[in-house]
Amino acid sequence: MDTIFGKIIKREIPADIVYEDSDVLAFRDIDPKAPIHILIIPKKPIPTINDIEIEDAELIGKIVIAAKKIAKEMGIDQSGYRLVMNCNKDAGQTVFHLHCHLLGGRQLLWPPG
Ligand code: AMP
């Protein structure tokens with residue numbers, strides 16, 4: 001089933017894309033929760049963390065590598081940032097195409113709500 005993020009990958013709907021390679025796409029969250037709020041997604045449509053298989057291990061690593069590159073490019077690698085992946089209802093997942101939130105540019109609270 002195609003999701004809104006699948007449509008962004010196919011350029012059927014617009015997004016503010018900040019990074020792309022053969023496996024991964026990253027774009028600004030439409031409703032940012034911090035001065036820097038980027039979503040990093042695999043081009044492969046994996047619905048949730050529960051659907052990740054061992055053969056996806058390298059792909060998941062590439063998401064984290066993309067995140068650290070973007071954080072450096074945006075100048076928050078030293079001040080700090082947070083990576084978040086929500087899974088299903090209790091975590092508040094709303095888009096069922098795996099994504100990693102990169103949040104930074106302000107002091108982030110812990111624990112999250
Ligand atoms: P989650 O709640 O973890 O599933 O996160 C989904 C995120 O996608 C939310 O932070 C939304 O603001 C964001 N989002 C939804 N639609 C779009 C869109 N068209 N472009 C960019 N971000 C979006």
# chains A, B, ... in the order shown; residues from 1 in each chain; ligands from 1
call {"tool": "residues_around", "arguments": {"residues": "range 47-59 of chain A", "least_positions_apart": "2", "cutoff": "6 Å", "atoms": "only C-alpha atoms", "output": "PDB file with all heavy atoms, in the first residue's frame"}}
result
ATOM      1  N   GLY A  61      21.331   0.867   8.731  1.00  0.00           N
ATOM      2  CA  GLY A  61      22.584   1.560   9.025  1.00  0.00           C
ATOM      3  C   GLY A  61      22.748   2.799   8.165  1.00  0.00           C
ATOM      4  O   GLY A  61      23.215   3.839   8.643  1.00  0.00           O
ATOM      5  N   LYS A  62      22.332   2.693   6.904  1.00  0.00           N
ATOM      6  CA  LYS A  62      22.463   3.845   5.996  1.00  0.00           C
ATOM      7  C   LYS A  62      21.578   5.008   6.438  1.00  0.00           C
ATOM      8  O   LYS A  62      21.911   6.173   6.200  1.00  0.00           O
ATOM      9  CB  LYS A  62      22.108   3.434   4.563  1.00  0.00           C
ATOM     10  CG  LYS A  62      23.202   2.600   3.921  1.00  0.00           C
ATOM     11  CD  LYS A  62      22.832   2.201   2.506  1.00  0.00           C
ATOM     12  CE  LYS A  62      23.995   1.471   1.847  1.00  0.00           C
ATOM     13  NZ  LYS A  62      23.662   1.028   0.488  1.00  0.00           N
ATOM     14  N   CYS A  87       6.985   3.405  16.559  1.00  0.00           N
ATOM     15  CA  CYS A  87       6.402   2.156  16.056  1.00  0.00           C
ATOM     16  C   CYS A  87       4.995   1.970  16.600  1.00  0.00           C
ATOM     17  O   CYS A  87       4.802   1.829  17.813  1.00  0.00           O
ATOM     18  CB  CYS A  87       7.281   0.964  16.439  1.00  0.00           C
ATOM     19  SG  CYS A  87       6.644  -0.592  15.775  1.00  0.00           S
ATOM     20  N   PHE A  96       2.803   4.907   7.801  1.00  0.00           N
ATOM     21  CA  PHE A  96       3.290   3.527   7.866  1.00  0.00           C
ATOM     22  C   PHE A  96       4.255   3.217   6.725  1.00  0.00           C
ATOM     23  O   PHE A  96       4.086   2.278   5.958  1.00  0.00           O
ATOM     24  CB  PHE A  96       2.108   2.565   8.010  1.00  0.00           C
ATOM     25  CG  PHE A  96       1.522   2.711   9.396  1.00  0.00           C
ATOM     26  CD1 PHE A  96       0.586   3.705   9.671  1.00  0.00           C
ATOM     27  CD2 PHE A  96       1.997   1.938  10.447  1.00  0.00           C
ATOM     28  CE1 PHE A  96       0.105   3.903  10.960  1.00  0.00           C
ATOM     29  CE2 PHE A  96       1.520   2.128  11.746  1.00  0.00           C
ATOM     30  CZ  PHE A  96       0.572   3.105  11.991  1.00  0.00           C
ATOM     31  N   HIS A  97       5.268   4.070   6.679  1.00  0.00           N
ATOM     32  CA  HIS A  97       6.476   3.872   5.865  1.00  0.00           C
ATOM     33  C   HIS A  97       7.595   4.247   6.834  1.00  0.00           C
ATOM     34  O   HIS A  97       7.638   5.399   7.307  1.00  0.00           O
ATOM     35  CB  HIS A  97       6.457   4.782   4.629  1.00  0.00           C
ATOM     36  CG  HIS A  97       7.652   4.627   3.739  1.00  0.00           C
ATOM     37  ND1 HIS A  97       7.547   4.287   2.400  1.00  0.00           N
ATOM     38  CD2 HIS A  97       8.982   4.762   3.985  1.00  0.00           C
ATOM     39  CE1 HIS A  97       8.765   4.214   1.865  1.00  0.00           C
ATOM     40  NE2 HIS A  97       9.660   4.505   2.817  1.00  0.00           N
ATOM     41  N   LEU A  98       8.454   3.296   7.146  1.00  0.00           N
ATOM     42  CA  LEU A  98       9.494   3.497   8.160  1.00  0.00           C
ATOM     43  C   LEU A  98      10.162   4.867   8.008  1.00  0.00           C
ATOM     44  O   LEU A  98      10.482   5.272   6.886  1.00  0.00           O
ATOM     45  CB  LEU A  98      10.556   2.396   8.000  1.00  0.00           C
ATOM     46  CG  LEU A  98      11.522   2.225   9.168  1.00  0.00           C
ATOM     47  CD1 LEU A  98      10.823   1.506  10.313  1.00  0.00           C
ATOM     48  CD2 LEU A  98      12.747   1.444   8.729  1.00  0.00           C
TER      49      LEU A  98
END
call {"tool": "residues_around", "arguments": {"residues": "range 33-41 of chain A", "least_positions_apart": "5", "cutoff": "10 Å", "atoms": "only C-alpha atoms", "output": "ChimeraX atom specification"}}
result
/A:5-6,9,16-20,23-28,46,59-60,62-64,66-67,70-71,74,76,81-85,97-108
call {"tool": "atom_distance", "arguments": {"atom1": "CA of Lys44 in chain A", "atom2": "CA of Glu12 in chain A"}}
result
16.3 Å
call {"tool": "residues_near_ligand", "arguments": {"ligand": "ligand 1", "cutoff": "6 Å", "atoms": "only C-alpha atoms and all ligand atoms", "output": "ChimeraX atom specification"}}
result
/A:15,28-31,86,92-95
call {"tool": "write_last_selection", "arguments": {"atoms": "all heavy atoms", "output": "mmCIF file, in the first residue's frame"}}
result
data_model
loop_
_atom_site.group_PDB
_atom_site.id
_atom_site.type_symbol
_atom_site.label_atom_id
_atom_site.label_comp_id
_atom_site.auth_asym_id
_atom_site.auth_seq_id
_atom_site.Cartn_x
_atom_site.Cartn_y
_atom_site.Cartn_z
ATOM 1 N N ALA A 15 8.118 17.862 -1.491
ATOM 2 C CA ALA A 15 8.729 17.851 -0.162
ATOM 3 C C ALA A 15 10.009 18.665 -0.253
ATOM 4 O O ALA A 15 10.578 18.821 -1.337
ATOM 5 C CB ALA A 15 9.025 16.421 0.277
ATOM 6 N N ARG A 28 12.339 17.750 5.034
ATOM 7 C CA ARG A 28 11.882 18.449 6.243
ATOM 8 C C ARG A 28 10.467 18.016 6.613
ATOM 9 O O ARG A 28 9.614 17.873 5.731
ATOM 10 C CB ARG A 28 11.908 19.966 6.019
ATOM 11 C CG ARG A 28 13.322 20.502 5.923
ATOM 12 C CD ARG A 28 13.347 22.022 5.857
ATOM 13 N NE ARG A 28 14.675 22.474 5.475
ATOM 14 C CZ ARG A 28 15.690 22.663 6.335
ATOM 15 N NH1 ARG A 28 15.503 22.473 7.626
ATOM 16 N NH2 ARG A 28 16.871 23.051 5.893
ATOM 17 N N ASP A 29 10.259 17.805 7.922
ATOM 18 C CA ASP A 29 8.920 17.475 8.413
ATOM 19 C C ASP A 29 8.000 18.674 8.172
ATOM 20 O O ASP A 29 8.371 19.831 8.412
ATOM 21 C CB ASP A 29 8.981 17.125 9.909
ATOM 22 C CG ASP A 29 7.730 16.412 10.370
ATOM 23 O OD1 ASP A 29 6.637 17.046 10.362
ATOM 24 O OD2 ASP A 29 7.816 15.229 10.728
ATOM 25 N N ILE A 30 6.805 18.393 7.713
ATOM 26 C CA ILE A 30 5.835 19.438 7.371
ATOM 27 C C ILE A 30 5.312 20.155 8.622
ATOM 28 O O ILE A 30 4.837 21.289 8.545
ATOM 29 C CB ILE A 30 4.665 18.815 6.557
ATOM 30 C CG1 ILE A 30 3.994 19.835 5.674
ATOM 31 C CG2 ILE A 30 3.666 18.091 7.441
ATOM 32 C CD1 ILE A 30 3.093 19.206 4.612
ATOM 33 N N ASP A 31 5.438 19.513 9.781
ATOM 34 C CA ASP A 31 4.948 20.078 11.046
ATOM 35 C C ASP A 31 6.077 19.962 12.086
ATOM 36 O O ASP A 31 6.023 19.114 12.987
ATOM 37 C CB ASP A 31 3.692 19.294 11.483
ATOM 38 C CG ASP A 31 3.108 19.802 12.773
ATOM 39 O OD1 ASP A 31 3.392 20.961 13.162
ATOM 40 O OD2 ASP A 31 2.371 19.035 13.434
ATOM 41 N N ASN A 86 9.229 5.988 15.655
ATOM 42 C CA ASN A 86 8.005 5.584 16.345
ATOM 43 C C ASN A 86 7.461 4.310 15.719
ATOM 44 O O ASN A 86 7.453 4.174 14.495
ATOM 45 C CB ASN A 86 6.954 6.691 16.232
ATOM 46 C CG ASN A 86 7.361 7.955 16.973
ATOM 47 O OD1 ASN A 86 7.913 7.872 18.071
ATOM 48 N ND2 ASN A 86 7.107 9.110 16.388
ATOM 49 N N GLY A 92 2.695 6.644 18.662
ATOM 50 C CA GLY A 92 2.123 7.726 17.856
ATOM 51 C C GLY A 92 2.503 7.679 16.393
ATOM 52 O O GLY A 92 2.460 8.706 15.710
ATOM 53 N N GLN A 93 2.857 6.500 15.877
ATOM 54 C CA GLN A 93 3.195 6.412 14.445
ATOM 55 C C GLN A 93 1.959 6.711 13.604
ATOM 56 O O GLN A 93 0.893 6.119 13.819
ATOM 57 C CB GLN A 93 3.745 5.013 14.092
ATOM 58 C CG GLN A 93 4.191 4.928 12.631
ATOM 59 C CD GLN A 93 4.840 3.592 12.278
ATOM 60 O OE1 GLN A 93 4.907 2.675 13.094
ATOM 61 N NE2 GLN A 93 5.315 3.474 11.057
ATOM 62 N N THR A 94 2.107 7.638 12.676
ATOM 63 C CA THR A 94 0.963 8.026 11.835
ATOM 64 C C THR A 94 1.173 7.694 10.363
ATOM 65 O O THR A 94 0.212 7.621 9.609
ATOM 66 C CB THR A 94 0.684 9.544 11.957
ATOM 67 O OG1 THR A 94 1.868 10.259 11.619
ATOM 68 C CG2 THR A 94 0.243 9.918 13.357
ATOM 69 N N VAL A 95 2.433 7.551 9.949
ATOM 70 C CA VAL A 95 2.715 7.216 8.548
ATOM 71 C C VAL A 95 3.410 5.854 8.538
ATOM 72 O O VAL A 95 4.462 5.682 9.168
ATOM 73 C CB VAL A 95 3.601 8.283 7.872
ATOM 74 C CG1 VAL A 95 3.877 7.895 6.424
ATOM 75 C CG2 VAL A 95 2.942 9.662 7.935
#
call {"tool": "select_by_dssp", "arguments": {"residues": "chain A", "states": "helix (DSSP H, G or I)", "output": "PyMOL selection string"}}
result
chain A and resi 4-9+49-51+54-73+88-91
call {"tool": "select_by_dssp", "arguments": {"residues": "chain A", "states": "strand (DSSP E)", "output": "ChimeraX atom specification"}}
result
/A:17-20,24-28,36-42,81-84,100-104
call {"tool": "atom_distance", "arguments": {"atom1": "CA of Pro45 in chain A", "atom2": "CA of Pro32 in chain A"}}
result
22.8 Å
call {"tool": "atom_distance", "arguments": {"atom1": "CA of Pro111 in chain A", "atom2": "CA of Gly80 in chain A"}}
result
15.7 Å
